[in-house]
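Peer 1: What follows is upload_36.cif; its format and atoms are mmCIF, C-alpha atoms.
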```
data_entry
loop_
_atom_site.label_atom_id
_atom_site.label_comp_id
_atom_site.auth_asym_id
_atom_site.auth_seq_id
_atom_site.Cartn_x
_atom_site.Cartn_y
_atom_site.Cartn_z
CA MET K 118 -12.70 12.74 97.51
CA ASN K 119 -12.80 8.94 97.27
CA LYS K 120 -16.10 9.06 95.36
CA ILE K 121 -14.65 11.44 92.79
CA VAL K 122 -11.67 9.18 92.11
CA LYS K 123 -13.92 6.14 91.88
CA LEU K 124 -16.27 7.91 89.41
CA ALA K 125 -13.31 9.11 87.34
CA LEU K 126 -11.91 5.56 87.12
CA VAL K 127 -15.30 4.14 86.09
CA LEU K 128 -15.71 6.84 83.47
CA PHE K 129 -12.20 6.18 82.19
CA ALA K 130 -12.84 2.41 82.00
CA VAL K 131 -16.13 2.86 80.12
CA SER K 132 -14.49 5.31 77.70
CA ALA K 133 -11.56 2.95 77.10
CA ILE K 134 -13.86 0.00 76.42
CA VAL K 135 -16.03 2.01 74.01
CA ALA K 136 -12.95 3.39 72.23
CA GLY K 137 -11.57 -0.15 71.90
CA VAL K 138 -14.84 -1.47 70.46
CA LEU K 139 -15.00 1.42 67.99
CA GLY K 140 -11.41 0.74 66.95
CA VAL K 141 -12.15 -2.94 66.29
CA VAL K 142 -15.31 -2.10 64.32
CA ASN K 143 -13.34 0.43 62.26
CA GLU K 144 -10.66 -2.16 61.46
CA LEU K 145 -13.27 -4.71 60.43
CA THR K 146 -15.31 -2.36 58.23
CA TYR K 147 -12.53 -0.25 56.67
CA PRO K 148 -11.69 -2.67 53.82
CA VAL K 149 -15.35 -2.99 52.83
CA ILE K 150 -15.94 0.77 52.95
CA ASP K 151 -12.73 1.41 50.99
CA ALA K 152 -13.73 -1.13 48.31
CA GLN K 153 -17.17 0.51 47.99
CA LYS K 154 -15.56 3.94 47.68
CA GLN K 155 -13.17 2.71 44.96
CA ALA K 156 -16.06 1.09 43.06
CA LYS K 157 -18.06 4.32 43.25
CA THR K 158 -15.08 6.32 41.96
CA ALA K 159 -14.51 3.82 39.12
CA ALA K 160 -18.18 4.08 38.15
CA ALA K 161 -17.93 7.88 38.21
CA PHE K 162 -14.86 7.76 35.94
CA ALA K 163 -16.63 5.44 33.50
CA SER K 164 -19.66 7.72 33.38
CA VAL K 165 -17.67 10.87 32.52
CA LEU K 166 -15.16 9.49 30.00
CA GLN K 167 -15.19 6.29 27.98
CA ALA K 168 -11.83 4.56 28.35
CA ASP K 169 -10.44 1.12 29.11
CA ARG K 170 -7.87 2.32 31.60
CA PHE K 171 -7.17 5.40 33.68
CA GLU K 172 -3.58 6.15 34.69
CA LEU K 173 -2.92 8.42 37.65
CA ILE K 174 -0.52 11.20 36.71
CA ASP K 175 1.52 13.34 39.05
CA PHE K 176 -0.30 16.65 39.43
CA SER K 177 0.62 19.09 42.14
CA ASN K 178 -0.05 22.63 41.06
CA PRO K 179 -0.64 25.23 43.79
CA ASP K 180 -2.80 27.22 41.35
CA PHE K 181 -5.43 24.46 41.60
CA PRO K 182 -5.84 23.69 45.32
CA THR K 183 -9.20 21.91 44.91
CA VAL K 184 -7.87 19.38 42.39
CA GLN K 185 -7.14 16.09 44.13
CA THR K 186 -6.14 13.79 41.27
CA VAL K 187 -5.76 13.78 37.50
CA HIS K 188 -6.04 10.51 35.59
CA LYS K 189 -5.08 10.15 31.93
CA ALA K 190 -7.17 7.97 29.64
CA GLU K 191 -5.11 7.00 26.58
CA GLY K 192 -6.43 8.83 23.55
CA ALA K 193 -9.63 9.91 25.27
CA GLY K 194 -8.55 12.70 27.61
CA TYR K 195 -8.44 13.09 31.37
CA VAL K 196 -10.57 12.64 34.46
CA VAL K 197 -10.06 15.19 37.21
CA THR K 198 -11.33 14.68 40.74
CA SER K 199 -11.70 17.70 42.94
CA THR K 200 -13.12 18.49 46.34
CA PHE K 201 -14.58 21.92 46.98
CA SER K 202 -17.10 23.70 49.21
CA GLY K 203 -20.78 23.53 48.38
CA ALA K 204 -23.67 25.04 50.29
CA GLN K 205 -23.64 22.52 53.16
CA GLY K 206 -20.14 21.03 53.04
CA ASN K 207 -17.63 19.51 50.69
CA ILE K 208 -18.48 18.06 47.28
CA THR K 209 -16.21 15.60 45.49
CA LEU K 210 -16.65 15.68 41.74
CA ALA K 211 -15.23 13.74 38.78
CA VAL K 212 -14.94 15.76 35.57
CA GLY K 213 -14.14 14.24 32.19
CA VAL K 214 -12.07 16.47 29.90
CA ASP K 215 -11.35 15.49 26.30
CA ASN K 216 -8.21 16.30 24.33
CA ASP K 217 -9.86 19.49 23.00
CA PHE K 218 -10.32 20.70 26.59
CA LYS K 219 -14.09 20.26 26.59
CA CYS K 220 -16.09 18.65 29.38
CA THR K 221 -17.28 15.15 28.51
CA GLY K 222 -19.38 14.76 31.65
CA ILE K 223 -19.50 15.19 35.41
CA SER K 224 -20.31 12.85 38.26
CA VAL K 225 -20.78 13.76 41.92
CA ILE K 226 -18.86 11.16 43.92
CA GLU K 227 -19.61 12.45 47.41
CA HIS K 228 -21.56 15.36 48.88
CA SER K 229 -23.38 16.61 51.95
CA GLU K 230 -25.82 18.94 50.23
CA THR K 231 -29.42 19.46 51.30
CA SER K 232 -31.77 16.71 50.16
CA GLY K 233 -34.15 17.92 47.48
CA LEU K 234 -32.04 21.01 46.72
CA GLY K 235 -28.27 20.78 46.22
CA ALA K 236 -28.40 16.99 46.41
CA ASN K 237 -30.30 17.06 43.11
CA ALA K 238 -26.95 17.61 41.39
CA ALA K 239 -26.06 14.02 42.22
CA SER K 240 -29.50 12.47 41.80
CA THR K 241 -30.24 9.88 39.14
CA GLY K 242 -33.64 11.45 38.56
CA GLU K 243 -34.52 13.71 35.65
CA VAL K 244 -33.49 16.93 37.44
CA GLY K 245 -30.00 15.66 38.28
CA VAL K 246 -29.39 14.04 34.90
CA ASN K 247 -30.53 17.16 33.03
CA PHE K 248 -28.38 19.40 35.24
CA ARG K 249 -25.26 17.30 34.60
CA LYS K 250 -25.95 17.04 30.84
CA GLN K 251 -25.59 20.82 30.51
CA PHE K 252 -21.84 20.55 31.17
CA VAL K 253 -21.07 18.27 28.22
CA GLY K 254 -19.19 20.16 25.51
CA GLN K 255 -18.45 23.19 27.71
CA ASP K 256 -14.98 24.74 27.97
CA GLU K 257 -13.22 26.71 30.72
CA SER K 258 -15.44 29.77 30.11
CA ILE K 259 -18.43 27.88 31.53
CA ALA K 260 -20.76 29.96 33.71
CA LEU K 261 -24.27 29.97 35.13
CA SER K 262 -26.92 31.64 32.98
CA ASN K 263 -27.37 34.45 35.53
CA ALA K 264 -23.66 35.23 35.03
CA GLY K 265 -23.85 35.25 31.24
CA GLY K 266 -23.26 31.55 30.66
CA SER K 267 -25.43 28.69 29.48
CA ILE K 268 -25.77 26.55 32.64
CA ASP K 269 -29.17 26.72 34.33
CA ALA K 270 -28.80 26.51 38.10
CA LEU K 271 -30.71 23.97 40.13
CA THR K 272 -33.83 25.53 41.64
CA GLY K 273 -33.09 26.55 45.21
CA ALA K 274 -29.46 25.47 44.96
CA THR K 275 -27.61 28.39 43.43
CA ILE K 276 -24.57 27.98 45.70
CA THR K 277 -24.20 24.30 44.80
CA SER K 278 -24.73 25.05 41.09
CA ARG K 279 -22.13 27.83 41.15
CA ALA K 280 -19.63 25.68 43.04
CA ILE K 281 -19.98 22.79 40.57
CA THR K 282 -19.72 25.13 37.58
CA GLU K 283 -16.55 26.70 38.98
CA ALA K 284 -15.11 23.25 39.75
CA VAL K 285 -15.69 22.15 36.15
CA ALA K 286 -13.95 25.28 34.84
CA THR K 287 -11.06 24.71 37.26
CA SER K 288 -10.76 21.06 36.18
CA ILE K 289 -10.55 22.06 32.51
CA LEU K 290 -7.92 24.71 33.30
CA ALA K 291 -5.95 22.14 35.31
CA VAL K 292 -5.86 19.79 32.29
CA GLU K 293 -4.88 22.70 30.02
CA SER K 294 -1.97 23.45 32.36
CA LEU K 295 -0.55 19.99 31.62
CA SER K 296 0.22 20.86 27.99
#
```
Show how you would write the structure in this file as structure tokens.
Peer 2:
Amino acid sequence: MNKIVKLALVLFAVSAIVAGVLGVVNELTYPVIDAQKQAKTAAAFASVLQADRFELIDFSNPDFPTVQTVHKAEGAGYVVTSTFSGAQGNITLAVGVDNDFKCTGISVIEHSETSGLGANAASTGEVGVNFRKQFVGQDESIALSNAGGSIDALTGATITSRAITEAVATSILAVESLS
């Protein structure tokens, strides 16, 4: 019985020390990680809609559960960020929407898609850039080509392609709901 108590106390002490170290590391790295995340989001906004300033507007519509934020760009339109399910996990996407309710561009902010397949949607290579270019000028009726639309899915990543296409349509509809 004494050995069990002794082992339990040692295990507890080791766990407490490791938890404390992890807590300190988290506190030290959080500001840097947060700054990098904000810079990545700002770069995504700039790539989907040309504007000097983006103003967060209050948007809480239960009809659009995947929409996280809507930012207004004076005279240029809106940038919508949404998080939705892809093939391997959540995808966070920034969608530019002009005042005519057309997509001005998309940028994948964060994802956990399979490298070489769904991850191509976010890549800076030719495949990713060409995939994202297809969305420019599209409206809420956007669809994949196999569903009667004009968006060609990424090879081997139909689920990711469908999810992004639906997220763009949802983002445009969310902006339309503001007027």
Peer 1: For Ile276 (chain K), which residue among K:Leu295, K:Ala204, K:Val244, K:Val142 is the nearest when counting all atoms listed in the file?
Peer 2: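 Closest to Ile276 (chain K) of all the choices is K:Ala204.
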Peer 1: Translate the PyMOL selection byres ((chain K and resi 223) around 10) into a concrete residue list for this structure, as number ranges by chain.
Peer 2: K: 161-162, 164-166, 196-198, 210-214, 220-222, 224-226, 238-239, 246, 248-253, 281, 285
Peer 1: Box along x, y and z, 5 Å on every side, all listed atoms of region 266-281 of chain K inside: centre and edge lengths in Å to one decimal, as JSON.
Peer 2:
```
{"center_x": -26.7, "center_y": 27.2, "center_z": 37.6, "size_x": 24.2, "size_y": 18.8, "size_z": 26.2}
```
Peer 1: Residues within 10 Å of Thr277 (chain K), please, as number ranges by chain. Count all atoms listed in the file; anything in the same chain fewer than 6 positions from it doesn't count.
Peer 2: K: 202-206, 208, 230-231, 234-238, 270-271, 283
Peer 1: The selected residues should be written to file as a PDB file, in the frame of the given file (atoms: C-alpha atoms).
Peer 2:
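Printed below is part02.pdb as written:
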```
ATOM      1  CA  SER K 202     -17.100  23.700  49.210  1.00  0.00           C
ATOM      2  CA  GLY K 203     -20.780  23.530  48.380  1.00  0.00           C
ATOM      3  CA  ALA K 204     -23.670  25.040  50.290  1.00  0.00           C
ATOM      4  CA  GLN K 205     -23.640  22.520  53.160  1.00  0.00           C
ATOM      5  CA  GLY K 206     -20.140  21.030  53.040  1.00  0.00           C
ATOM      6  CA  ILE K 208     -18.480  18.060  47.280  1.00  0.00           C
ATOM      7  CA  GLU K 230     -25.820  18.940  50.230  1.00  0.00           C
ATOM      8  CA  THR K 231     -29.420  19.460  51.300  1.00  0.00           C
ATOM      9  CA  LEU K 234     -32.040  21.010  46.720  1.00  0.00           C
ATOM     10  CA  GLY K 235     -28.270  20.780  46.220  1.00  0.00           C
ATOM     11  CA  ALA K 236     -28.400  16.990  46.410  1.00  0.00           C
ATOM     12  CA  ASN K 237     -30.300  17.060  43.110  1.00  0.00           C
ATOM     13  CA  ALA K 238     -26.950  17.610  41.390  1.00  0.00           C
ATOM     14  CA  ALA K 270     -28.800  26.510  38.100  1.00  0.00           C
ATOM     15  CA  LEU K 271     -30.710  23.970  40.130  1.00  0.00           C
ATOM     16  CA  GLU K 283     -16.550  26.700  38.980  1.00  0.00           C
TER      17      GLU K 283
END
```
Peer 1: Have a look at CA of Leu261 (chain K) and CA of Ser288 (chain K) and let me know their distance in Å, one decimal.
Peer 2: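 A separation of 16.2 Å between them.
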Peer 1: Work out how far CA of Gly254 (chain K) is from CA of Gly192 (chain K), in Å to one decimal.
Peer 2: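 These two atoms are separated by 17.2 Å.
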Peer 1: Tell me, in Å to one decimal, how far CA of Asn216 (chain K) is from CA of Asp256 (chain K).
Peer 2: 11.4 Å
Peer 1: To verify the selection step, state as a ChimeraX atom specification which residues the PyMOL selection byres ((chain K and resi 258) around 10) yields on this input.
Peer 2: /K:255-257,259-260,266,282-283,285-287,289-290
Peer 1: Let me see the file: selected residues, C-alpha atoms, as a compact mmCIF listing (two decimals), keeping the file's coordinate frame.
Peer 2:
```txt
# COMPACT_ATOMS: atom_id res chain seq x y z
CA GLN K 255 -18.45 23.19 27.71
CA ASP K 256 -14.98 24.74 27.97
CA GLU K 257 -13.22 26.71 30.72
CA ILE K 259 -18.43 27.88 31.53
CA ALA K 260 -20.76 29.96 33.71
CA GLY K 266 -23.26 31.55 30.66
CA THR K 282 -19.72 25.13 37.58
CA GLU K 283 -16.55 26.70 38.98
CA VAL K 285 -15.69 22.15 36.15
CA ALA K 286 -13.95 25.28 34.84
CA THR K 287 -11.06 24.71 37.26
CA ILE K 289 -10.55 22.06 32.51
CA LEU K 290 -7.92 24.71 33.30
```
